[in-house]
Every structure is written in C-alpha cells, then in structure tokens.
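Asks: Structure file structure_27.csv, CSV, C-alpha atoms and all ligand atoms, is pasted below:
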chain,number,residue,atom,x,y,z
V,14,MET,CA,0.3,-13.7,31.1
V,15,ALA,CA,-0.6,-10.9,28.6
V,16,GLN,CA,-1.1,-7.5,30.3
V,17,ALA,CA,-4.3,-5.6,29.4
V,18,ARG,CA,-3.4,-2.5,27.3
V,19,THR,CA,-4.2,0.8,29.0
V,20,ASP,CA,-3.4,3.1,26.2
V,21,VAL,CA,-6.4,2.2,24.0
V,22,PRO,CA,-9.8,3.8,25.1
V,23,ALA,CA,-12.4,1.1,25.9
V,24,PRO,CA,-15.2,1.1,23.3
V,25,VAL,CA,-18.3,2.8,24.7
V,26,THR,CA,-21.6,1.3,23.8
V,27,ALA,CA,-24.2,4.0,23.7
V,28,THR,CA,-27.9,3.2,23.6
V,29,PRO,CA,-31.0,5.4,23.8
V,30,PHE,CA,-31.7,6.9,27.2
V,31,LEU,CA,-35.5,7.5,26.3
V,32,LYS,CA,-38.3,5.2,25.3
V,33,TRP,CA,-39.5,6.4,22.0
V,34,ALA,CA,-42.5,5.3,19.8
V,35,GLY,CA,-41.2,3.8,16.6
V,36,GLY,CA,-37.8,3.3,18.2
V,37,LYS,CA,-35.4,1.4,15.8
V,38,ALA,CA,-33.5,-0.7,18.4
V,39,GLN,CA,-35.5,-3.9,17.4
V,40,VAL,CA,-34.9,-3.6,13.7
V,41,LEU,CA,-31.2,-2.5,13.8
V,42,PRO,CA,-29.8,-6.0,13.1
V,43,GLN,CA,-31.7,-6.0,9.7
V,44,LEU,CA,-31.1,-2.3,9.0
V,45,ALA,CA,-27.4,-1.9,9.8
V,46,PRO,CA,-26.2,-4.3,7.0
V,47,LEU,CA,-27.9,-1.9,4.6
V,48,PHE,CA,-26.0,1.1,5.6
V,49,PRO,CA,-23.1,2.5,3.5
V,50,ALA,CA,-19.6,1.2,4.5
V,51,ARG,CA,-18.0,4.6,4.0
V,52,PHE,CA,-19.4,8.1,4.4
V,53,GLU,CA,-18.4,11.6,5.6
V,54,ARG,CA,-20.9,13.2,7.9
V,55,TYR,CA,-24.0,11.5,9.4
V,56,HIS,CA,-27.4,13.3,9.5
V,57,GLU,CA,-30.6,12.0,11.1
V,58,PRO,CA,-33.5,14.3,10.5
V,59,PHE,CA,-36.1,12.4,12.6
V,60,VAL,CA,-33.9,11.4,15.4
V,61,GLY,CA,-36.5,10.5,18.1
V,62,GLY,CA,-34.8,8.3,20.7
V,63,GLY,CA,-31.7,8.0,18.5
V,64,ALA,CA,-31.3,4.2,18.3
V,65,VAL,CA,-29.5,4.4,15.0
V,66,PHE,CA,-27.3,7.3,15.9
V,67,PHE,CA,-26.2,5.7,19.2
V,68,ALA,CA,-25.4,2.4,17.4
V,69,LEU,CA,-23.3,4.3,14.8
V,70,ALA,CA,-21.6,6.4,17.4
V,71,SER,CA,-20.7,3.2,19.3
V,72,GLN,CA,-19.0,1.9,16.1
V,73,ARG,CA,-17.1,5.0,15.3
V,74,ARG,CA,-15.7,7.1,18.1
V,75,GLY,CA,-16.1,10.9,17.3
V,76,LEU,CA,-18.7,10.4,14.6
V,77,ALA,CA,-19.4,13.7,12.9
V,78,ALA,CA,-23.2,14.1,13.0
V,79,THR,CA,-26.2,16.4,12.9
V,80,LEU,CA,-29.4,15.3,14.6
V,81,ILE,CA,-32.7,17.0,13.8
V,82,ASP,CA,-36.2,16.6,15.3
V,83,ALA,CA,-39.2,18.9,15.4
V,84,ASN,CA,-39.9,18.2,19.1
V,85,PRO,CA,-38.3,21.1,21.0
V,86,ASP,CA,-38.5,19.3,24.4
V,87,LEU,CA,-36.7,16.3,23.0
V,88,MET,CA,-33.9,18.4,21.5
V,89,ASN,CA,-33.5,20.4,24.7
V,90,CYS,CA,-33.1,17.1,26.5
V,91,TYR,CA,-30.3,16.0,24.1
V,92,ARG,CA,-28.5,19.4,24.6
V,93,VAL,CA,-28.6,19.0,28.3
V,94,VAL,CA,-27.3,15.4,28.2
V,95,ARG,CA,-24.5,16.6,25.9
V,96,ASP,CA,-23.5,19.7,27.8
V,97,ARG,CA,-24.8,19.7,31.4
V,98,LEU,CA,-24.9,16.1,32.6
V,99,ALA,CA,-23.5,16.9,36.0
V,100,ASP,CA,-26.3,19.3,36.7
V,101,LEU,CA,-29.0,16.9,35.3
V,102,MET,CA,-28.0,13.8,37.4
V,103,PRO,CA,-28.9,15.2,40.9
V,104,LEU,CA,-32.4,16.3,39.6
V,105,LEU,CA,-33.0,12.8,38.2
V,106,ARG,CA,-31.9,11.3,41.5
V,107,GLU,CA,-34.4,13.6,43.3
V,108,HIS,CA,-37.2,12.5,40.9
V,109,GLN,CA,-36.2,8.8,41.4
V,110,ALA,CA,-36.5,9.2,45.2
V,111,ASN,CA,-39.8,11.1,45.1
V,112,HIS,CA,-41.7,9.1,42.4
V,113,ALA,CA,-45.3,8.7,43.3
V,114,LYS,CA,-48.7,9.5,41.7
V,115,ASP,CA,-49.1,13.0,43.2
V,116,TYR,CA,-45.5,13.8,42.4
V,117,TYR,CA,-46.0,12.7,38.8
V,118,TYR,CA,-49.1,14.9,38.2
V,119,ALA,CA,-47.5,17.9,40.0
V,120,LEU,CA,-44.4,17.7,37.8
V,121,ARG,CA,-46.5,17.1,34.7
V,122,ALA,CA,-48.4,20.4,35.5
V,123,GLN,CA,-45.1,22.4,35.5
V,124,HIS,CA,-44.3,24.4,32.4
V,125,ASP,CA,-41.7,26.9,31.2
V,126,LEU,CA,-38.9,25.5,33.3
V,127,PRO,CA,-35.2,26.4,32.7
V,128,PRO,CA,-33.4,23.9,30.4
V,129,VAL,CA,-31.9,21.5,32.9
V,130,GLU,CA,-35.1,21.3,35.0
V,131,ALA,CA,-37.1,20.8,31.8
V,132,ALA,CA,-34.8,18.0,30.6
V,133,ALA,CA,-35.1,16.2,34.1
V,134,ARG,CA,-38.9,16.5,33.9
V,135,PHE,CA,-38.9,15.2,30.3
V,136,ILE,CA,-36.8,12.1,31.2
V,137,TYR,CA,-38.9,11.5,34.4
V,138,LEU,CA,-42.2,11.7,32.5
V,139,ASN,CA,-40.8,9.5,29.7
V,140,LYS,CA,-39.8,6.8,32.1
V,141,THR,CA,-43.0,6.8,34.2
V,142,CYS,CA,-45.8,7.7,31.8
V,143,TYR,CA,-48.1,5.3,30.1
V,144,ASN,CA,-46.0,3.3,27.6
V,145,GLY,CA,-43.4,6.0,27.2
V,146,LEU,CA,-45.8,7.9,24.9
V,147,TYR,CA,-45.2,11.5,24.0
V,148,ARG,CA,-48.5,13.4,23.4
V,149,VAL,CA,-49.3,17.1,23.9
V,150,ASN,CA,-52.6,19.1,24.0
V,151,SER,CA,-53.4,22.0,21.8
V,152,LYS,CA,-51.3,24.3,24.0
V,153,GLY,CA,-48.3,22.0,23.6
V,154,GLN,CA,-48.6,20.6,27.2
V,155,PHE,CA,-47.7,17.0,27.8
V,156,ASN,CA,-50.9,15.1,28.8
V,157,VAL,CA,-50.1,11.4,29.0
V,158,PRO,CA,-51.3,9.7,32.2
V,159,MET,CA,-49.0,7.9,34.6
V,160,GLY,CA,-48.0,4.3,33.7
V,161,ASN,CA,-47.9,1.3,36.0
V,162,TYR,CA,-44.2,0.6,36.5
V,163,VAL,CA,-43.2,-0.9,39.8
V,164,HIS,CA,-39.6,0.3,39.8
V,165,PRO,CA,-39.1,2.7,36.8
V,166,ARG,CA,-35.4,3.4,36.2
V,167,ILE,CA,-35.4,7.2,36.1
V,168,LEU,CA,-31.7,7.7,36.7
V,169,ASP,CA,-29.5,5.3,34.7
V,170,GLU,CA,-26.1,6.8,35.1
V,171,GLU,CA,-24.2,4.5,32.9
V,172,VAL,CA,-26.6,4.9,29.9
V,173,LEU,CA,-26.6,8.7,30.3
V,174,ARG,CA,-22.8,9.0,30.5
V,175,ALA,CA,-22.4,6.8,27.4
V,176,ALA,CA,-25.0,8.9,25.6
V,177,SER,CA,-23.3,12.2,26.7
V,178,ASP,CA,-20.0,10.9,25.4
V,179,ALA,CA,-21.5,9.9,22.0
V,180,LEU,CA,-23.2,13.4,21.7
V,181,GLN,CA,-19.9,15.4,22.2
V,182,GLY,CA,-19.3,17.6,19.2
V,183,VAL,CA,-22.7,16.6,17.6
V,184,ASP,CA,-24.9,19.4,16.1
V,185,LEU,CA,-28.4,19.4,17.5
V,186,VAL,CA,-31.1,21.1,15.6
V,187,THR,CA,-34.7,21.7,16.6
V,188,GLY,CA,-36.8,22.0,13.4
V,189,ASP,CA,-38.2,20.5,10.3
V,190,PHE,CA,-36.6,17.6,8.5
V,191,SER,CA,-36.0,19.8,5.4
V,192,GLN,CA,-33.2,21.6,7.4
V,193,VAL,CA,-31.0,18.7,6.4
V,194,LEU,CA,-30.8,20.4,3.0
V,195,GLU,CA,-28.8,23.3,4.6
V,196,GLU,CA,-25.8,21.2,5.5
V,197,ALA,CA,-25.7,17.8,3.7
V,198,GLN,CA,-23.0,17.4,1.1
V,199,GLU,CA,-21.8,14.8,-1.3
V,200,GLY,CA,-20.6,11.6,0.5
V,201,ASP,CA,-22.7,12.3,3.6
V,202,PHE,CA,-25.0,9.6,5.0
V,203,ILE,CA,-28.6,10.4,5.9
V,204,TYR,CA,-30.9,8.0,7.6
V,205,PHE,CA,-34.7,9.0,7.6
V,206,ASP,CA,-37.2,7.4,10.0
V,207,PRO,CA,-40.3,9.6,9.6
V,208,PRO,CA,-43.7,8.9,11.2
V,209,PHE,CA,-44.9,6.0,9.1
V,210,VAL,CA,-47.8,6.0,6.7
V,211,PRO,CA,-50.6,4.2,8.6
V,212,VAL,CA,-51.2,0.8,7.1
V,213,SER,CA,-54.6,0.0,8.5
V,214,PRO,CA,-57.7,2.3,8.7
V,215,THR,CA,-57.5,2.1,12.5
V,216,ALA,CA,-53.8,2.9,12.8
V,217,ASN,CA,-53.4,6.4,14.0
V,218,PHE,CA,-49.7,6.4,14.8
V,219,THR,CA,-49.1,9.9,13.6
V,220,GLY,CA,-51.6,11.8,15.7
V,221,TYR,CA,-49.3,12.9,18.5
V,222,TRP,CA,-46.7,14.7,16.4
V,223,VAL,CA,-47.1,18.3,15.3
V,224,SER,CA,-45.9,19.1,11.8
V,225,ARG,CA,-44.0,22.1,10.6
V,226,ALA,CA,-47.2,23.9,9.8
V,227,GLY,CA,-48.4,23.3,13.3
V,228,LYS,CA,-51.0,20.7,12.1
V,229,ALA,CA,-51.3,17.5,14.0
V,230,GLY,CA,-49.9,14.4,12.2
V,231,PHE,CA,-47.6,13.7,9.3
V,232,GLY,CA,-49.9,13.0,6.3
V,233,GLU,CA,-49.6,12.4,2.6
V,234,GLU,CA,-48.5,16.0,1.9
V,235,GLU,CA,-45.6,15.6,4.4
V,236,GLN,CA,-44.6,12.3,2.9
V,237,ALA,CA,-44.5,13.8,-0.6
V,238,ARG,CA,-42.5,16.8,0.7
V,239,LEU,CA,-40.0,14.3,2.3
V,240,ALA,CA,-39.7,12.4,-1.0
V,241,GLN,CA,-38.7,15.7,-2.7
V,242,VAL,CA,-36.0,16.3,-0.1
V,243,TYR,CA,-34.8,12.7,-0.7
V,244,ARG,CA,-34.5,13.3,-4.4
V,245,GLU,CA,-32.7,16.6,-3.9
V,246,LEU,CA,-30.1,14.9,-1.6
V,247,ASP,CA,-29.8,12.0,-4.2
V,248,ARG,CA,-28.9,14.6,-6.8
V,249,ARG,CA,-26.2,16.0,-4.5
V,250,GLY,CA,-24.6,12.6,-4.2
V,251,CYS,CA,-25.5,11.8,-0.5
V,252,LYS,CA,-26.0,8.2,0.6
V,253,LEU,CA,-29.6,7.8,1.7
V,254,VAL,CA,-31.5,5.1,3.7
V,255,LEU,CA,-35.2,5.6,4.6
V,256,SER,CA,-37.6,3.4,6.6
V,257,ASN,CA,-41.4,3.5,6.1
V,258,SER,CA,-44.4,1.2,5.9
V,259,ASP,CA,-44.9,-1.2,3.0
V,260,CYS,CA,-47.7,0.6,1.1
V,261,ASP,CA,-48.5,1.9,-2.3
V,262,LEU,CA,-47.8,5.5,-1.4
V,263,ILE,CA,-44.2,4.8,-0.5
V,264,HIS,CA,-43.6,2.5,-3.5
V,265,ASP,CA,-45.0,5.3,-5.7
V,266,LEU,CA,-43.0,8.2,-4.1
V,267,TYR,CA,-39.7,6.3,-4.2
V,268,ALA,CA,-40.1,4.5,-7.6
V,269,GLY,CA,-36.7,4.0,-9.2
V,270,PHE,CA,-34.8,3.6,-5.9
V,271,ASP,CA,-33.7,0.3,-4.3
V,272,ILE,CA,-36.7,-0.8,-2.1
V,273,ARG,CA,-36.4,-3.8,0.0
V,274,MET,CA,-38.4,-5.4,2.8
V,275,VAL,CA,-37.3,-6.0,6.4
V,276,GLN,CA,-39.3,-8.0,8.9
V,277,VAL,CA,-39.7,-6.3,12.2
V,278,PRO,CA,-40.4,-8.3,15.4
V,279,ARG,CA,-43.5,-6.9,17.0
V,280,LEU,CA,-44.0,-6.7,20.7
V,281,ILE,CA,-46.5,-9.1,22.2
V,282,ASN,CA,-50.0,-8.0,21.5
V,283,SER,CA,-53.1,-9.1,23.3
V,284,ASN,CA,-54.9,-9.6,19.9
V,285,PRO,CA,-53.5,-12.8,18.4
V,286,GLU,CA,-54.0,-11.4,14.9
V,287,LYS,CA,-51.6,-8.6,15.6
V,288,ARG,CA,-48.7,-10.9,16.8
V,289,GLY,CA,-45.8,-11.9,14.6
V,290,PRO,CA,-43.5,-9.8,12.5
V,291,VAL,CA,-44.6,-6.9,10.3
V,292,ALA,CA,-42.9,-5.8,7.1
V,293,GLU,CA,-41.3,-2.4,6.7
V,294,VAL,CA,-39.5,-1.1,3.7
V,295,VAL,CA,-36.0,0.3,3.4
V,296,VAL,CA,-35.4,2.7,0.5
V,297,ARG,CA,-31.8,3.2,-0.6
V,298,ASN,CA,-30.2,5.2,-3.4
V,299,PHE,CA,-27.0,3.3,-3.6
V,300,SER,CA,-25.9,-0.1,-4.9
V,301,ALA,CA,-25.2,-3.4,-3.1
V,302,ALA,CA,-21.5,-2.9,-3.8
V,303,ASP,CA,-21.3,-0.1,-1.3
V,304,HIS,CA,-23.4,-1.6,1.6
V,305,ARG,CA,-20.8,-3.5,3.7
V,306,TRP,CA,-21.2,-2.6,7.3
V,307,ARG,CA,-17.9,-1.8,9.2
Q,401,LIG,C1,-40.6,7.3,14.1
Q,401,LIG,S1,-40.0,8.6,15.2
Q,401,LIG,C2,-38.2,8.3,15.0
Q,401,LIG,C3,-37.8,7.2,15.9
Q,401,LIG,C4,-36.3,7.0,15.9
Q,401,LIG,N1,-35.7,6.5,14.7
Q,401,LIG,C5,-35.9,6.1,17.1
Q,401,LIG,O1,-35.1,5.1,17.0
Q,401,LIG,O2,-36.3,6.4,18.2
Q,401,LIG,C6,-40.3,10.0,14.2
Q,401,LIG,C7,-39.8,11.3,14.8
Q,401,LIG,O3,-40.0,12.4,13.8
Q,401,LIG,C8,-40.2,13.6,14.5
Q,401,LIG,N2,-40.9,14.5,13.6
Q,401,LIG,C9,-42.2,14.5,13.2
Q,401,LIG,N3,-42.5,15.5,12.3
Q,401,LIG,C10,-41.3,16.0,12.0
Q,401,LIG,C11,-40.8,17.0,11.1
Q,401,LIG,N4,-41.6,17.6,10.2
Q,401,LIG,N5,-39.5,17.3,11.0
Q,401,LIG,C12,-38.6,16.7,11.9
Q,401,LIG,N6,-39.0,15.7,12.8
Q,401,LIG,C13,-40.3,15.4,12.8
Q,401,LIG,C14,-41.0,13.2,15.8
Q,401,LIG,O4,-40.9,14.2,16.8
Q,401,LIG,C15,-40.4,11.8,16.1
Q,401,LIG,O5,-39.4,12.0,17.1
In structure tokens, how does this file's structure come out?
Ligand SMILES: C[S@@+](CC[C@H](N)C(=O)[O-])C[C@H]1O[C@@H](n2cnc3c(N)ncnc32)[C@H](O)[C@@H]1O
Replies:
Amino acid sequence: MAQARTDVPAPVTATPFLKWAGGKAQVLPQLAPLFPARFERYHEPFVGGGAVFFALASQRRGLAATLIDANPDLMNCYRVVRDRLADLMPLLREHQANHAKDYYYALRAQHDLPPVEAAARFIYLNKTCYNGLYRVNSKGQFNVPMGNYVHPRILDEEVLRAASDALQGVDLVTGDFSQVLEEAQEGDFIYFDPPFVPVSPTANFTGYWVSRAGKAGFGEEEQARLAQVYRELDRRGCKLVLSNSDCDLIHDLYAGFDIRMVQVPRLINSNPEKRGPVAEVVVRNFSAADHRWR
C-alpha cells in the first residue's frame, strides 16, 4: 500500500473569519475564472471580509499581497489575527462562554481598547450582531443591535489558524483605496470590490461606510475617483479586475474595457420579487488569452 508523503505541506484552505456585507464568497466560482493566470504581487484595496484574498492564498502558498481597507477596526483585526493569534484566542473563548444580551451591550459600549482586546470585541460583535452588519454612529462607535443567533460560533479555531497562516508576510494598510498607487507595479494583479452603485432608488447599501473625506457613503464622485485610479494602473501595466453593479454609470466610467456580466445567487428574500439571481459586472483590462485560472 502506498505510504502518505509527509514531506509536502498539506494545502491549507483559508476562508473569511468575519461576516461581511457584500462578501464575495458566493460569486467566486464565476469570478475566479476571470482572474489572470500569472501575476507578480496581489493587491486588494477594498478587502472587507477578504473572500477573494483567502481563496487566492489557498491556491498559492506564500502569496505576496497588500490588503487595504478604510475601516480601521477591520484592519486592526487582520493585524491581530496575523501577529497575535495566541493572545486573541483566549479572549474569544471568554466571549463565547459569556455571550448573553447584557454581555453584548456592555461590550458594545466599550471603546479605545488595546489592539488584541479590540480585535476580540470586533469578532464577537461581528458574529453576534444583527446580520453581521457594520455600522457606526457619528462618533465612529459601533451601534448595531444584537442578532438572534442561537449558537453563534464566536471562536472558530480552525478558520482563524488558516486565516493567520494565509496572512503571514502580507502587508496590511488602513486607508483609502488610492494608496494602491503607491506600490502597484507592472505585472501585479489588483482586484477591486468597492461599495456598489445602488441600482434601485431604495437601495442604500453604501450608507454605513465612511469615505476618505469623512462623509458617509461612497457616491458618484468616489466611483469616478476610483475609475481614475483604475486607468492609471492600466497605464502602468497592472492586471485589473473590478466588480460593481450593472448600471449606466459603471458602463460609462469603464468604457473601452472588457465588461462582462456575472449572475450572483441572492440569499432568500421574504419579498418574492427580490428572489433569484442578480447581475453584477466584472470590468477587466486584459484579454481572454490571459485569463486561465491556475
Ligand atoms: C463591498 S465591501 C468588500 C467586500 C469584500 N470583497 C469581501 O469579500 O468581503 C467594500 C469595502 O470597502 C471599504 N471601503 C469603503 N470606502 C473605502 C475607501 N475609500 N477606501 C478603501 N476601502 C473603502 C469598506 O470598509 C468595505 O470593507
């Protein structure tokens, strides 16, 4: 009988350790075949829950990457998972053991904690709050009510360890997406998943993010600024993939690039008219010849 080899490290499958609005896990099967087959460094300037980064890092051990997000609490959490997992786990264990309504609101009211405590609080609130939403008040304080989970998984050791492995050596930047211009070079791959342009008058998907200028939301001006960054990176010879909603503004801003539709399965909605897949666009600046997924 063949012996199992022990000299080859087992592939680690890393997945997001947070719930994140607009998370890309569901659309990955359609998205991944559109990525470049070869690239140097990977950059993700709106990393959020990192579904795409973790999928890529699972494919390529030691992926050289820079992850950027404007949310400082989120980026602190990534740094702690990368560098101080052993200190973080016992705090999550404690939150898991004590989870209750009063405990949730007492922890939610705490601010200005040291990095490890802040990361444990962030993960705890993310796993127990209403729908995993992230929303802050005008003072930047998290204000989402508690959700109705019977057994929320606050400490998932396996997922955290795999995420920590994938994050080793990765650059983590708190800031605006335009910071990608500081490092990206010819041959690098950049995936953009910004807050989407709302497609219906009632959609207000962008309200809980704070832009570089400190204004709520990510409006047309920000979308136009992003398109300028995209064009600058295109001139540099970077390989670019961007997701957004299928609307006139996006078709206008990215005219001349390869724009294709992907159908995204939507979670069950109580309104029957809102069930079924929705279309998103994927904007690329490279040709079909270079899009084989390894
Ligand atoms: C749609 S989410 C990304 C979701 C991610 N692809 C995933 O799989 O979870 C958009 C992210 O952009 C971040 N963001 C909003 N404005 C930004 C800005 N000006 N610069 C950088 N990040 C920003 C938000 O904090 C949020 O995490």
Asks: Choose the residue, out of V:Leu239, V:Ala113, V:Ala45, V:Val275, that has the smallest atom-to-atom separation from ligand LIG 401 (chain Q); count all atoms listed in the file.
Replies: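 Of V:Leu239, V:Ala113, V:Ala45, V:Val275, the one nearest ligand LIG 401 (chain Q) is V:Leu239, counting all atoms listed in the file.
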Asks: Mind giving me the straight-line distance from CA of Ser256 (chain V) to CA of Gly182 (chain V) in Å, one decimal?
Replies: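 For CA of Ser256 (chain V) relative to CA of Gly182 (chain V), the distance reads 26.4 Å.
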Asks: Please identify all protein, DNA and RNA residues within 7 Å of ligand LIG 401 (chain Q), counting all atoms listed in the file, and report them as a ChimeraX atom specification.
Replies: /V:33-38,58-65,81-84,188-190,206-209,222-225,231
Asks: In Å, rounded to a single decimal, give me how far CA of Asn257 (chain V) is from CA of Ala179 (chain V).
Replies: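 We find that CA of Ala179 (chain V) and CA of Asn257 (chain V) lie 26.3 Å from each other.
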Asks: Got a sec: who's within 12 Å of region 270-272 of chain V, counting all atoms listed in the file, leaving out chain neighbours fewer than 3 positions off, as a list in words?
Replies: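 Those residues are Leu47, Ala240, Tyr243, Arg244, Asp247, Lys252, Leu253, Val254, Leu255, Ser256, Asn257, Ser258, Asp259, Cys260, Ile263, His264, Asp265, Leu266, Tyr267, Val275, Glu293, Val294, Val295, Val296, Arg297, Asn298, Phe299, Ser300 and Ala301 of chain V.
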Asks: Restricted to C-alpha atoms, what would the selected residues look like written as a PDB file, in the coordinates of the input?
Replies:
ATOM      1  CA  LEU V  47     -27.900  -1.900   4.600  1.00  0.00           C
ATOM      2  CA  ALA V 240     -39.700  12.400  -1.000  1.00  0.00           C
ATOM      3  CA  TYR V 243     -34.800  12.700  -0.700  1.00  0.00           C
ATOM      4  CA  ARG V 244     -34.500  13.300  -4.400  1.00  0.00           C
ATOM      5  CA  ASP V 247     -29.800  12.000  -4.200  1.00  0.00           C
ATOM      6  CA  LYS V 252     -26.000   8.200   0.600  1.00  0.00           C
ATOM      7  CA  LEU V 253     -29.600   7.800   1.700  1.00  0.00           C
ATOM      8  CA  VAL V 254     -31.500   5.100   3.700  1.00  0.00           C
ATOM      9  CA  LEU V 255     -35.200   5.600   4.600  1.00  0.00           C
ATOM     10  CA  SER V 256     -37.600   3.400   6.600  1.00  0.00           C
ATOM     11  CA  ASN V 257     -41.400   3.500   6.100  1.00  0.00           C
ATOM     12  CA  SER V 258     -44.400   1.200   5.900  1.00  0.00           C
ATOM     13  CA  ASP V 259     -44.900  -1.200   3.000  1.00  0.00           C
ATOM     14  CA  CYS V 260     -47.700   0.600   1.100  1.00  0.00           C
ATOM     15  CA  ILE V 263     -44.200   4.800  -0.500  1.00  0.00           C
ATOM     16  CA  HIS V 264     -43.600   2.500  -3.500  1.00  0.00           C
ATOM     17  CA  ASP V 265     -45.000   5.300  -5.700  1.00  0.00           C
ATOM     18  CA  LEU V 266     -43.000   8.200  -4.100  1.00  0.00           C
ATOM     19  CA  TYR V 267     -39.700   6.300  -4.200  1.00  0.00           C
ATOM     20  CA  VAL V 275     -37.300  -6.000   6.400  1.00  0.00           C
ATOM     21  CA  GLU V 293     -41.300  -2.400   6.700  1.00  0.00           C
ATOM     22  CA  VAL V 294     -39.500  -1.100   3.700  1.00  0.00           C
ATOM     23  CA  VAL V 295     -36.000   0.300   3.400  1.00  0.00           C
ATOM     24  CA  VAL V 296     -35.400   2.700   0.500  1.00  0.00           C
ATOM     25  CA  ARG V 297     -31.800   3.200  -0.600  1.00  0.00           C
ATOM     26  CA  ASN V 298     -30.200   5.200  -3.400  1.00  0.00           C
ATOM     27  CA  PHE V 299     -27.000   3.300  -3.600  1.00  0.00           C
ATOM     28  CA  SER V 300     -25.900  -0.100  -4.900  1.00  0.00           C
ATOM     29  CA  ALA V 301     -25.200  -3.400  -3.100  1.00  0.00           C
TER      30      ALA V 301
END
Asks: Taking only C-alpha atoms into account, which of V:Leu246, V:Glu171, V:Pro290, V:Leu146 comes nearest Tyr204 (chain V)?
Replies: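 Once distances to Tyr204 (chain V) are computed over only C-alpha atoms, the minimum belongs to V:Leu246.
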Asks: Point out the residue among V:Glu57, V:Asp115, V:Glu245, V:Asp178 with the least atom-to-atom distance to Ala27 (chain V), counting only C-alpha atoms.
Replies: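 The answer is V:Asp178, which sits nearest to Ala27 (chain V).
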Asks: Pick the closest to Arg238 (chain V) from V:Ala78, V:Arg51, V:Val157, V:Ser191: which is it, counting all atoms listed in the file?
Replies: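 For Arg238 (chain V), the nearest of the given residues is V:Ser191.
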Asks: Between CA of Asp100 (chain V) and CA of Pro85 (chain V), measure the distance and give it in Å to one decimal.
Replies: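 A separation of 19.8 Å between them.
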Asks: Could you give me, as a count of residues only, the residues within 10 Å of region 121-128 of chain V, counting all atoms listed in the file and dropping anything in the same chain fewer than 6 positions from it?
Replies: 20
Asks: If we draw a sphere of 12 Å around (-22.7, 7.8, 14.1), which residues have at least one atom in it when counting only C-alpha atoms? Please report them as a ChimeraX atom specification.
Replies: /V:26-28,45,48-49,51-57,60,63-80,176,179-184,201-204,307
Asks: Take region 247-267 of chain V, model N, CA and C atoms, and hand the result over as a tab-separated table (two decimals), keeping the file's coordinate frame.
Replies:
chain	number	residue	atom	x	y	z
V	247	ASP	N	-30.33	13.05	-3.21
V	247	ASP	CA	-29.80	12.00	-4.20
V	247	ASP	C	-29.02	12.75	-5.26
V	248	ARG	N	-29.59	13.86	-5.77
V	248	ARG	CA	-28.90	14.60	-6.80
V	248	ARG	C	-27.54	15.14	-6.33
V	249	ARG	N	-27.48	15.47	-5.05
V	249	ARG	CA	-26.20	16.00	-4.50
V	249	ARG	C	-25.16	14.93	-4.30
V	250	GLY	N	-25.54	13.64	-4.35
V	250	GLY	CA	-24.60	12.60	-4.20
V	250	GLY	C	-24.46	12.13	-2.71
V	251	CYS	N	-25.53	12.35	-1.91
V	251	CYS	CA	-25.50	11.80	-0.50
V	251	CYS	C	-25.96	10.37	-0.58
V	252	LYS	N	-25.63	9.61	0.49
V	252	LYS	CA	-26.00	8.20	0.60
V	252	LYS	C	-27.25	8.14	1.51
V	253	LEU	N	-28.35	7.60	0.98
V	253	LEU	CA	-29.60	7.80	1.70
V	253	LEU	C	-30.26	6.41	2.03
V	254	VAL	N	-30.76	6.31	3.26
V	254	VAL	CA	-31.50	5.10	3.70
V	254	VAL	C	-32.78	5.68	4.39
V	255	LEU	N	-33.94	5.17	4.00
V	255	LEU	CA	-35.20	5.60	4.60
V	255	LEU	C	-36.07	4.43	4.98
V	256	SER	N	-36.67	4.49	6.15
V	256	SER	CA	-37.60	3.40	6.60
V	256	SER	C	-39.03	3.98	6.45
V	257	ASN	N	-39.97	3.10	6.11
V	257	ASN	CA	-41.40	3.50	6.10
V	257	ASN	C	-42.22	2.22	6.04
V	258	SER	N	-43.54	2.39	6.03
V	258	SER	CA	-44.40	1.20	5.90
V	258	SER	C	-44.45	0.72	4.49
V	259	ASP	N	-44.80	-0.56	4.35
V	259	ASP	CA	-44.90	-1.20	3.00
V	259	ASP	C	-46.27	-0.90	2.45
V	260	CYS	N	-46.40	0.21	1.70
V	260	CYS	CA	-47.70	0.60	1.10
V	260	CYS	C	-47.52	1.24	-0.21
V	261	ASP	N	-48.62	1.35	-0.97
V	261	ASP	CA	-48.50	1.90	-2.30
V	261	ASP	C	-47.93	3.29	-2.37
V	262	LEU	N	-48.33	4.13	-1.42
V	262	LEU	CA	-47.80	5.50	-1.40
V	262	LEU	C	-46.32	5.55	-1.43
V	263	ILE	N	-45.70	4.75	-0.58
V	263	ILE	CA	-44.20	4.80	-0.50
V	263	ILE	C	-43.60	4.17	-1.72
V	264	HIS	N	-44.17	3.09	-2.24
V	264	HIS	CA	-43.60	2.50	-3.50
V	264	HIS	C	-43.73	3.52	-4.62
V	265	ASP	N	-44.81	4.31	-4.66
V	265	ASP	CA	-45.00	5.30	-5.70
V	265	ASP	C	-43.97	6.48	-5.54
V	266	LEU	N	-43.89	6.98	-4.31
V	266	LEU	CA	-43.00	8.20	-4.10
V	266	LEU	C	-41.56	7.86	-4.32
V	267	TYR	N	-41.14	6.61	-4.09
V	267	TYR	CA	-39.70	6.30	-4.20
V	267	TYR	C	-39.44	5.34	-5.40
